[in-house]
Amino acid sequence: MNWTEAMKVYPNHPGAVDFIDKSRGLEVLVRRLRLAAETGKGGSDLRPQERLVCGKLILRPTVHRAYWKEVDVGLTLREYDTVHLLASNAGRYLTYRAIYDRMRYRGFVAGLEGQGYRINVRSSIRRIRRKFCKLDPTFSEIETAAAVGYRWRELTVPLA
């Protein structure tokens with residue numbers, strides 16, 4: 001697969017822009033890897049608009065990282081996309097299909113007569129919950145509505 005094919009298959013995937021064709025040569029590969037490594041350094045000097053805060057969750061969209069109580073959760077890109085979708089719609093249930101469309105792409109069909117996406121979403125949510133629970137055994141921010149989908153728990157603001 002070359003860069004053009006990668007952009008067609010994964011048009012909205014942030015990593016598609018960084019795709020490096022093997023035939024490009026060692027010099028190009030080394031330069032791109034250096035650039036990627038330098039981009040990954042950043043520290044905590046983020047401007048507020050470069051992150052999404054949802055309770056104890058901090059999402060850094062520019063680097064696709066999720067932090068729970070200021071500790072990196074270690075999500076994969078797909079898992080990050082799912083958490084970002086849920087947290088940016090906190091309090092609102094999202095259907096299995098809407099979540100799966102974010103995980104893959106709109107209209108992607110997966111096994112079991114077109115209903116395989118439900119199984120994939122459930123197993124992905126299970127993996128995400130496990131990662132959060134490793135950091136915080138009381139984690140319960142992702143709520144389930146049977147036969148509907150999932151939501152990030154609605155933030156409650158204490159009354160003064």
# chains A, B, ... in the order shown; residues from 1 in each chain; ligands from 1
$ residues_around --residues "stretch 121-125 of chain A" --least-positions-apart "6" --cutoff "8 Å" --atoms "only C-alpha atoms" --output "PyMOL selection string"
chain A and resi 79+96+99-100
$ residues_around --residues "stretch 136-146 of chain A" --least-positions-apart "4" --cutoff "10 Å" --atoms "only C-alpha atoms" --output "short mmCIF file (atom, residue, chain, number, x, y, z; two decimals) with N, CA and C atoms, in the first residue's frame"
data_model
loop_
_atom_site.label_atom_id
_atom_site.label_comp_id
_atom_site.auth_asym_id
_atom_site.auth_seq_id
_atom_site.Cartn_x
_atom_site.Cartn_y
_atom_site.Cartn_z
N GLY A 55 -14.26 15.98 33.60
CA GLY A 55 -14.06 15.44 34.94
C GLY A 55 -12.59 15.10 35.17
N LYS A 56 -12.31 13.84 35.51
CA LYS A 56 -10.94 13.40 35.76
C LYS A 56 -10.21 13.01 34.48
N LEU A 57 -10.92 13.09 33.36
CA LEU A 57 -10.35 12.72 32.06
C LEU A 57 -9.82 13.95 31.35
N TRP A 68 -6.12 9.85 32.77
CA TRP A 68 -7.09 9.72 33.85
C TRP A 68 -6.36 10.07 35.13
N LYS A 69 -6.82 11.10 35.81
CA LYS A 69 -6.15 11.60 37.01
C LYS A 69 -4.68 11.88 36.70
N VAL A 83 -13.14 6.90 23.08
CA VAL A 83 -13.25 7.68 24.31
C VAL A 83 -13.50 9.16 23.98
N LEU A 86 -17.16 9.53 23.03
CA LEU A 86 -18.04 9.44 24.19
C LEU A 86 -17.92 10.67 25.09
N ALA A 87 -16.69 11.07 25.40
CA ALA A 87 -16.48 12.20 26.32
C ALA A 87 -16.95 13.52 25.73
N ALA A 90 -20.66 13.76 26.39
CA ALA A 90 -20.97 13.31 27.76
C ALA A 90 -22.45 13.49 28.07
N GLY A 91 -23.03 12.44 28.64
CA GLY A 91 -24.42 12.47 29.04
C GLY A 91 -25.39 12.03 27.95
N TYR A 93 -26.37 9.15 25.11
CA TYR A 93 -26.09 7.79 24.63
C TYR A 93 -25.82 7.81 23.14
N LEU A 94 -24.76 7.09 22.75
CA LEU A 94 -24.41 6.95 21.33
C LEU A 94 -24.67 5.50 20.94
N THR A 95 -25.21 5.31 19.76
CA THR A 95 -25.54 3.96 19.30
C THR A 95 -24.27 3.17 19.00
N ARG A 122 -18.69 -3.78 21.74
CA ARG A 122 -18.72 -4.29 23.12
C ARG A 122 -17.32 -4.71 23.59
N ILE A 125 -15.13 -1.58 24.11
CA ILE A 125 -15.49 -0.88 25.35
C ILE A 125 -14.96 -1.65 26.56
N ARG A 126 -15.05 -2.97 26.50
CA ARG A 126 -14.52 -3.80 27.60
C ARG A 126 -13.02 -3.56 27.78
N ILE A 128 -11.31 -0.91 26.87
CA ILE A 128 -11.14 0.47 27.35
C ILE A 128 -11.40 0.54 28.85
N ARG A 129 -12.49 -0.07 29.29
CA ARG A 129 -12.81 -0.06 30.73
C ARG A 129 -11.70 -0.70 31.55
N ARG A 130 -11.16 -1.82 31.05
CA ARG A 130 -10.07 -2.49 31.78
C ARG A 130 -8.87 -1.57 31.95
N LYS A 131 -8.53 -0.84 30.91
CA LYS A 131 -7.38 0.07 30.99
C LYS A 131 -7.61 1.16 32.02
N PHE A 132 -8.82 1.72 32.04
CA PHE A 132 -9.14 2.74 33.03
C PHE A 132 -9.16 2.13 34.44
N TYR A 150 -23.69 3.27 24.34
CA TYR A 150 -22.90 3.69 25.49
C TYR A 150 -22.87 5.20 25.59
N ARG A 151 -22.52 5.67 26.78
CA ARG A 151 -22.30 7.10 26.97
C ARG A 151 -21.24 7.31 28.03
N TRP A 152 -20.62 8.47 27.97
CA TRP A 152 -19.74 8.90 29.04
C TRP A 152 -20.64 9.56 30.07
N ARG A 153 -20.50 9.17 31.31
CA ARG A 153 -21.37 9.67 32.38
C ARG A 153 -21.46 11.20 32.32
N GLU A 154 -22.67 11.68 32.51
CA GLU A 154 -22.89 13.13 32.51
C GLU A 154 -22.20 13.74 33.71
N LEU A 155 -21.52 14.84 33.46
CA LEU A 155 -20.84 15.53 34.54
C LEU A 155 -21.86 16.21 35.45
#
$ residues_around --residues "stretch 102-110 of chain A" --least-positions-apart "6" --cutoff "7 Å" --atoms "only C-alpha atoms" --output "PyMOL selection string"
chain A and resi 78+81-82+116-117
$ write_last_selection --atoms "N, CA and C atoms" --output "CSV table (one decimal), in the first residue's frame"
chain,number,residue,atom,x,y,z
A,78,ARG,N,-7.7,3.7,18.0
A,78,ARG,CA,-9.1,3.4,17.9
A,78,ARG,C,-9.8,3.6,19.3
A,81,ASP,N,-10.1,7.3,19.9
A,81,ASP,CA,-11.2,7.8,19.2
A,81,ASP,C,-12.5,7.6,19.8
A,82,THR,N,-12.7,6.4,20.3
A,82,THR,CA,-13.9,6.0,21.0
A,82,THR,C,-14.2,6.8,22.2
A,116,GLY,N,-22.2,-7.5,13.1
A,116,GLY,CA,-20.9,-7.8,13.8
A,116,GLY,C,-20.3,-6.6,14.5
A,117,TYR,N,-20.7,-5.4,14.1
A,117,TYR,CA,-20.2,-4.2,14.7
A,117,TYR,C,-20.6,-4.1,16.2
$ decode --residues "stretch 116-144 of chain A" --atoms "N, CA, C and O atoms" --output "tab-separated table (two decimals), in the first residue's frame"
chain	number	residue	atom	x	y	z
A	116	GLY	N	-22.17	-7.55	13.15
A	116	GLY	CA	-20.92	-7.82	13.84
A	116	GLY	C	-20.33	-6.61	14.54
A	116	GLY	O	-19.56	-6.74	15.47
A	117	TYR	N	-20.74	-5.42	14.10
A	117	TYR	CA	-20.20	-4.21	14.72
A	117	TYR	C	-20.56	-4.13	16.21
A	117	TYR	O	-19.80	-3.60	17.01
A	118	ARG	N	-21.71	-4.68	16.60
A	118	ARG	CA	-22.10	-4.65	18.01
A	118	ARG	C	-21.10	-5.41	18.88
A	118	ARG	O	-20.69	-4.96	19.94
A	119	ILE	N	-20.70	-6.59	18.39
A	119	ILE	CA	-19.73	-7.41	19.12
A	119	ILE	C	-18.40	-6.68	19.21
A	119	ILE	O	-17.77	-6.64	20.27
A	120	ASN	N	-17.98	-6.06	18.10
A	120	ASN	CA	-16.72	-5.32	18.09
A	120	ASN	C	-16.75	-4.14	19.04
A	120	ASN	O	-15.77	-3.86	19.74
A	121	VAL	N	-17.85	-3.41	19.07
A	121	VAL	CA	-17.97	-2.26	19.97
A	121	VAL	C	-17.94	-2.74	21.42
A	121	VAL	O	-17.22	-2.17	22.25
A	122	ARG	N	-18.69	-3.78	21.74
A	122	ARG	CA	-18.72	-4.29	23.12
A	122	ARG	C	-17.32	-4.71	23.59
A	122	ARG	O	-16.91	-4.38	24.70
A	123	SER	N	-16.60	-5.43	22.73
A	123	SER	CA	-15.27	-5.89	23.15
A	123	SER	C	-14.30	-4.72	23.26
A	123	SER	O	-13.44	-4.70	24.15
A	124	SER	N	-14.44	-3.73	22.41
A	124	SER	CA	-13.59	-2.55	22.49
A	124	SER	C	-13.86	-1.77	23.78
A	124	SER	O	-12.93	-1.36	24.48
A	125	ILE	N	-15.13	-1.58	24.11
A	125	ILE	CA	-15.49	-0.88	25.35
A	125	ILE	C	-14.96	-1.65	26.56
A	125	ILE	O	-14.45	-1.07	27.52
A	126	ARG	N	-15.05	-2.97	26.50
A	126	ARG	CA	-14.52	-3.80	27.60
A	126	ARG	C	-13.02	-3.56	27.78
A	126	ARG	O	-12.54	-3.40	28.91
A	127	ARG	N	-12.26	-3.54	26.68
A	127	ARG	CA	-10.82	-3.29	26.76
A	127	ARG	C	-10.54	-1.89	27.32
A	127	ARG	O	-9.64	-1.70	28.15
A	128	ILE	N	-11.31	-0.91	26.87
A	128	ILE	CA	-11.14	0.47	27.35
A	128	ILE	C	-11.40	0.54	28.85
A	128	ILE	O	-10.62	1.12	29.61
A	129	ARG	N	-12.49	-0.07	29.29
A	129	ARG	CA	-12.81	-0.06	30.73
A	129	ARG	C	-11.70	-0.70	31.55
A	129	ARG	O	-11.35	-0.21	32.62
A	130	ARG	N	-11.16	-1.82	31.05
A	130	ARG	CA	-10.07	-2.49	31.78
A	130	ARG	C	-8.87	-1.57	31.95
A	130	ARG	O	-8.25	-1.55	33.02
A	131	LYS	N	-8.53	-0.84	30.91
A	131	LYS	CA	-7.38	0.07	30.99
A	131	LYS	C	-7.61	1.16	32.02
A	131	LYS	O	-6.71	1.51	32.78
A	132	PHE	N	-8.82	1.72	32.04
A	132	PHE	CA	-9.14	2.74	33.03
A	132	PHE	C	-9.16	2.13	34.44
A	132	PHE	O	-8.68	2.75	35.39
A	133	CYS	N	-9.73	0.94	34.57
A	133	CYS	CA	-9.83	0.28	35.88
A	133	CYS	C	-8.46	-0.10	36.44
A	133	CYS	O	-8.30	-0.19	37.67
A	134	LYS	N	-7.47	-0.32	35.59
A	134	LYS	CA	-6.12	-0.58	36.07
A	134	LYS	C	-5.60	0.63	36.84
A	134	LYS	O	-4.87	0.49	37.81
A	135	LEU	N	-5.97	1.81	36.37
A	135	LEU	CA	-5.54	3.05	37.03
A	135	LEU	C	-6.44	3.43	38.20
A	135	LEU	O	-6.00	4.06	39.15
A	136	ASP	N	-7.72	3.08	38.08
A	136	ASP	CA	-8.70	3.46	39.09
A	136	ASP	C	-9.78	2.38	39.16
A	136	ASP	O	-10.69	2.36	38.34
A	137	PRO	N	-9.69	1.48	40.14
A	137	PRO	CA	-10.66	0.39	40.25
A	137	PRO	C	-12.11	0.85	40.40
A	137	PRO	O	-13.04	0.09	40.15
A	138	THR	N	-12.33	2.12	40.77
A	138	THR	CA	-13.70	2.63	40.92
A	138	THR	C	-14.21	3.29	39.65
A	138	THR	O	-15.31	3.87	39.66
A	139	PHE	N	-13.47	3.20	38.56
A	139	PHE	CA	-13.87	3.84	37.29
A	139	PHE	C	-15.25	3.33	36.86
A	139	PHE	O	-15.48	2.13	36.79
A	140	SER	N	-16.15	4.27	36.58
A	140	SER	CA	-17.50	3.89	36.12
A	140	SER	C	-18.09	4.95	35.20
A	140	SER	O	-19.30	5.15	35.18
A	141	GLU	N	-17.24	5.62	34.47
A	141	GLU	CA	-17.70	6.73	33.63
A	141	GLU	C	-18.41	6.28	32.36
A	141	GLU	O	-19.20	7.03	31.80
A	142	ILE	N	-18.10	5.10	31.87
A	142	ILE	CA	-18.76	4.61	30.65
A	142	ILE	C	-19.98	3.80	31.06
A	142	ILE	O	-19.86	2.77	31.71
A	143	GLU	N	-21.15	4.31	30.68
A	143	GLU	CA	-22.40	3.66	31.05
A	143	GLU	C	-23.01	2.97	29.84
A	143	GLU	O	-22.83	3.41	28.70
A	144	THR	N	-23.73	1.88	30.10
A	144	THR	CA	-24.34	1.07	29.05
A	144	THR	C	-25.85	1.21	29.08
A	144	THR	O	-26.45	1.19	30.15
